[in-house]
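Student: First the structure, which I've put down as structure tokens, then a few questions once you've had a look.
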Amino acid sequence: MLARRLEADAGRRGVTARRIETVRGERPGTLLSVLVALDGEDTGAVAAFAASWTGTLCWQAPSPYRTVGRKNWYVTAQPCQVDAERIGFDESEVDVVACRTGGPGGQHRNKASTAVRATHRPTGTVVVVDTERHFALNRRIAMQLLRSRIAERDEAAGRELVAGRWRIHDELIRGNPTRVERP
């Protein structure tokens, strides 16, 4: 109900509010969480609208699910980042250097520069591969390792962003609302 109120208020003020993500509650018509994106031609109007709906919000109405008791429902509305920055992988952004490595393998391993040190410039991620006796094979393995590490990094950043949005729920302070809405 409060999400619909926000969307209607946004429309009256010339701001577009669109739901990006909703998590349904246990009961019909209830929501645990709503992620709303605000857009508009006038960025000042969008910022003012967002500020008017930011903080602890109170919905005052009798519960349709409880026969007695609570009529104040508190929710929090906070700005948050929607998408994590994806780095992506492009082989042109990788510096590949041939190098020697020591260890078992005899004279070929000690004298030939078949090992590869690959550095992804945007992230500074470095891998060294010396598992094969041929430079081309080591280069291919190094590229696969860099690609997988950067993909893992992107996934971890996305998971952390979602976890951060859910932590906002824990910051709810009941009482002293910044805005009170009634049906």
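By order of appearance in the structure tokens: chains A, B, ..., then residues from 1 within every chain, and ligands from 1 in the order shown.
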Could you list, as JSON, numbers by chain, every residue within 9 Å of segment 60-77 of chain A, counting only C-alpha atoms and ignoring same-chain residues fewer than 3 positions away?
Tutor: {"A": [27, 53, 54, 55, 56, 57, 168, 169, 171, 172, 173, 174, 175, 177, 180, 181, 182, 183]}
Student: Emit the selected residues as a PDB file, in the first residue's frame, including N, CA and C atoms.
Tutor:
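And here is the file that came out, again_24.pdb:
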ATOM      1  N   ARG A  27       1.834 -13.113   3.403  1.00  0.00           N
ATOM      2  CA  ARG A  27       0.394 -12.964   3.188  1.00  0.00           C
ATOM      3  C   ARG A  27       0.125 -12.282   1.860  1.00  0.00           C
ATOM      4  N   TRP A  53      10.866  11.168   0.798  1.00  0.00           N
ATOM      5  CA  TRP A  53      10.490   9.783   1.095  1.00  0.00           C
ATOM      6  C   TRP A  53      11.635   9.000   1.736  1.00  0.00           C
ATOM      7  N   THR A  54      12.699   9.665   2.162  1.00  0.00           N
ATOM      8  CA  THR A  54      13.849   8.983   2.754  1.00  0.00           C
ATOM      9  C   THR A  54      13.755   9.013   4.270  1.00  0.00           C
ATOM     10  N   GLY A  55      14.093   7.903   4.890  1.00  0.00           N
ATOM     11  CA  GLY A  55      14.091   7.806   6.346  1.00  0.00           C
ATOM     12  C   GLY A  55      13.086   6.788   6.829  1.00  0.00           C
ATOM     13  N   THR A  56      12.650   6.943   8.078  1.00  0.00           N
ATOM     14  CA  THR A  56      11.656   6.042   8.651  1.00  0.00           C
ATOM     15  C   THR A  56      10.274   6.531   8.253  1.00  0.00           C
ATOM     16  N   LEU A  57       9.510   5.657   7.642  1.00  0.00           N
ATOM     17  CA  LEU A  57       8.159   5.980   7.198  1.00  0.00           C
ATOM     18  C   LEU A  57       7.164   5.217   8.072  1.00  0.00           C
ATOM     19  N   ILE A 168      20.217  -2.538   5.015  1.00  0.00           N
ATOM     20  CA  ILE A 168      19.424  -1.326   5.239  1.00  0.00           C
ATOM     21  C   ILE A 168      18.172  -1.661   6.039  1.00  0.00           C
ATOM     22  N   HIS A 169      17.608  -2.839   5.827  1.00  0.00           N
ATOM     23  CA  HIS A 169      16.417  -3.266   6.569  1.00  0.00           C
ATOM     24  C   HIS A 169      16.696  -3.313   8.072  1.00  0.00           C
ATOM     25  N   GLU A 171      18.562  -1.369   9.722  1.00  0.00           N
ATOM     26  CA  GLU A 171      18.788  -0.035  10.266  1.00  0.00           C
ATOM     27  C   GLU A 171      17.483   0.695  10.590  1.00  0.00           C
ATOM     28  N   LEU A 172      16.367   0.012  10.482  1.00  0.00           N
ATOM     29  CA  LEU A 172      15.070   0.624  10.761  1.00  0.00           C
ATOM     30  C   LEU A 172      14.976   1.025  12.228  1.00  0.00           C
ATOM     31  N   ILE A 173      14.580   2.264  12.456  1.00  0.00           N
ATOM     32  CA  ILE A 173      14.368   2.768  13.808  1.00  0.00           C
ATOM     33  C   ILE A 173      12.881   3.056  13.949  1.00  0.00           C
ATOM     34  N   ARG A 174      12.238   2.348  14.850  1.00  0.00           N
ATOM     35  CA  ARG A 174      10.801   2.551  15.056  1.00  0.00           C
ATOM     36  C   ARG A 174      10.591   3.834  15.848  1.00  0.00           C
ATOM     37  N   GLY A 175       9.553   4.565  15.482  1.00  0.00           N
ATOM     38  CA  GLY A 175       9.259   5.833  16.132  1.00  0.00           C
ATOM     39  C   GLY A 175       9.964   6.968  15.437  1.00  0.00           C
ATOM     40  N   PRO A 177       9.073   9.055  12.977  1.00  0.00           N
ATOM     41  CA  PRO A 177       9.107   8.906  11.514  1.00  0.00           C
ATOM     42  C   PRO A 177       9.340  10.249  10.827  1.00  0.00           C
ATOM     43  N   VAL A 180       4.535  10.340   7.743  1.00  0.00           N
ATOM     44  CA  VAL A 180       3.406   9.502   8.204  1.00  0.00           C
ATOM     45  C   VAL A 180       2.359   9.496   7.097  1.00  0.00           C
ATOM     46  N   GLU A 181       1.930   8.315   6.721  1.00  0.00           N
ATOM     47  CA  GLU A 181       0.897   8.156   5.684  1.00  0.00           C
ATOM     48  C   GLU A 181      -0.267   7.380   6.278  1.00  0.00           C
ATOM     49  N   ARG A 182      -1.459   7.758   5.842  1.00  0.00           N
ATOM     50  CA  ARG A 182      -2.676   7.069   6.265  1.00  0.00           C
ATOM     51  C   ARG A 182      -3.503   6.726   5.032  1.00  0.00           C
ATOM     52  N   PRO A 183      -4.346   5.674   5.121  1.00  0.00           N
ATOM     53  CA  PRO A 183      -5.168   5.310   3.966  1.00  0.00           C
ATOM     54  C   PRO A 183      -6.162   6.377   3.567  1.00  0.00           C
TER      55      PRO A 183
END
Student: Would you return as number ranges by chain the members of segment 57-119 of chain A that DSSP assigns to strand (DSSP E) on this structure's backbone?
Tutor: A: 57-60, 72-77, 94-99, 115-119
Student: With C-alpha atoms kept, could you save the residues just selected as a PDB file, in the first residue's frame?
Tutor:
ATOM      1  CA  LEU A  57       8.159   5.980   7.198  1.00  0.00           C
ATOM      2  CA  CYS A  58       5.052   5.215   9.235  1.00  0.00           C
ATOM      3  CA  TRP A  59       1.906   3.681   7.754  1.00  0.00           C
ATOM      4  CA  GLN A  60      -1.001   4.182  10.175  1.00  0.00           C
ATOM      5  CA  ASN A  72       1.543   1.721  13.176  1.00  0.00           C
ATOM      6  CA  TRP A  73       3.752   0.028  10.621  1.00  0.00           C
ATOM      7  CA  TYR A  74       7.297   1.333  10.228  1.00  0.00           C
ATOM      8  CA  VAL A  75       9.444   0.902   7.150  1.00  0.00           C
ATOM      9  CA  THR A  76      12.711   2.453   6.068  1.00  0.00           C
ATOM     10  CA  ALA A  77      13.444   4.089   2.735  1.00  0.00           C
ATOM     11  CA  VAL A  94      46.200  -7.578 -20.448  1.00  0.00           C
ATOM     12  CA  ASP A  95      49.981  -7.220 -20.411  1.00  0.00           C
ATOM     13  CA  VAL A  96      51.678 -10.545 -21.098  1.00  0.00           C
ATOM     14  CA  VAL A  97      55.357 -10.975 -20.260  1.00  0.00           C
ATOM     15  CA  ALA A  98      57.452 -14.071 -20.898  1.00  0.00           C
ATOM     16  CA  CYS A  99      59.657 -15.031 -17.983  1.00  0.00           C
ATOM     17  CA  ALA A 115      56.400 -19.037 -18.278  1.00  0.00           C
ATOM     18  CA  VAL A 116      53.827 -16.251 -18.529  1.00  0.00           C
ATOM     19  CA  ARG A 117      53.100 -13.354 -16.182  1.00  0.00           C
ATOM     20  CA  ALA A 118      49.798 -11.771 -17.231  1.00  0.00           C
ATOM     21  CA  THR A 119      48.580  -8.526 -15.655  1.00  0.00           C
TER      22      THR A 119
END
Student: When distances are computed from only C-alpha atoms, which of A:Arg121, A:Val128, A:Phe49, A:Glu152 shows the smallest separation from Thr16 of chain A?
Tutor: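 The shortest atom-to-atom distance to Thr16 of chain A comes from A:Phe49.
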Student: So, with only C-alpha atoms as the atoms that count, which of A:Ile150, A:Leu2, A:Ala142, A:Val127 lies closest to Leu31 of chain A?
Tutor: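 Comparing A:Ile150, A:Leu2, A:Ala142, A:Val127 against Leu31 of chain A, the winner is A:Leu2.
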Student: Segment 30-155 of chain A: which residues are helix (DSSP H, G or I) by DSSP, as a PyMOL selection string?
Tutor: chain A and resi 43-52+91-93+106-111+135-155
Student: Got a sec: who's within 12 Å of Arg167 of chain A, counting only C-alpha atoms, leaving out chain neighbours fewer than 3 positions off, as a list in words?
Tutor: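 These residues fall inside the cut-off: Ser33, Thr76, Gln78, Cys80, Glu160, Leu161, Val162, Ala163, Gly164, Asp170, Glu171 and Leu172 of chain A.
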Student: To one decimal place in Å, what is the distance between atom CA of Glu91 of chain A and atom CA of His120 of chain A?
Tutor: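 Calculated distance between atom CA of Glu91 of chain A and atom CA of His120 of chain A is 8.4 Å.
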Student: Return the single residue from A:Arg159, A:Leu32, A:Pro122, A:Thr114 that is closest to Arg139 of chain A, with distances computed using only C-alpha atoms.
Tutor: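 Result for the nearest residue to Arg139 of chain A: A:Thr114.
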Student: What's around Arg4 of chain A at 10 Å? Count only C-alpha atoms, leave out sequence neighbours fewer than 5 positions away in its own chain, and write the answer as number ranges by chain.
Tutor: A: 9-10, 17
Student: Can I get the selected residues back with N, CA and C atoms, as a PDB file, in the first residue's frame?
Tutor:
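Everything below was put into result_9.pdb:
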ATOM      1  N   ASP A   9       2.454   9.505  -5.650  1.00  0.00           N
ATOM      2  CA  ASP A   9       3.040  10.805  -5.315  1.00  0.00           C
ATOM      3  C   ASP A   9       4.107  11.179  -6.337  1.00  0.00           C
ATOM      4  N   ALA A  10       4.881  10.224  -6.777  1.00  0.00           N
ATOM      5  CA  ALA A  10       5.900  10.486  -7.787  1.00  0.00           C
ATOM      6  C   ALA A  10       5.262  10.963  -9.082  1.00  0.00           C
ATOM      7  N   ALA A  17       8.623   6.595 -11.034  1.00  0.00           N
ATOM      8  CA  ALA A  17       9.038   5.601 -10.043  1.00  0.00           C
ATOM      9  C   ALA A  17       8.717   4.227 -10.612  1.00  0.00           C
TER      10      ALA A  17
END
Student: List the neighbours of Asp42 of chain A out to 12 Å using only C-alpha atoms; skip same-chain residues closer than 5 positions along the sequence, and give me the result as a list in words.
Tutor: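 These residues fall inside the cut-off: Arg13, Gly14, Val15, Thr16, Ala47, Ala48 and Phe49 of chain A.
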Student: Would you mind telling me which residue in A:Trp166, A:Glu21, A:Glu85, A:Thr125 lies nearest to Asp154 of chain A when using only C-alpha atoms?
Tutor: A:Glu85
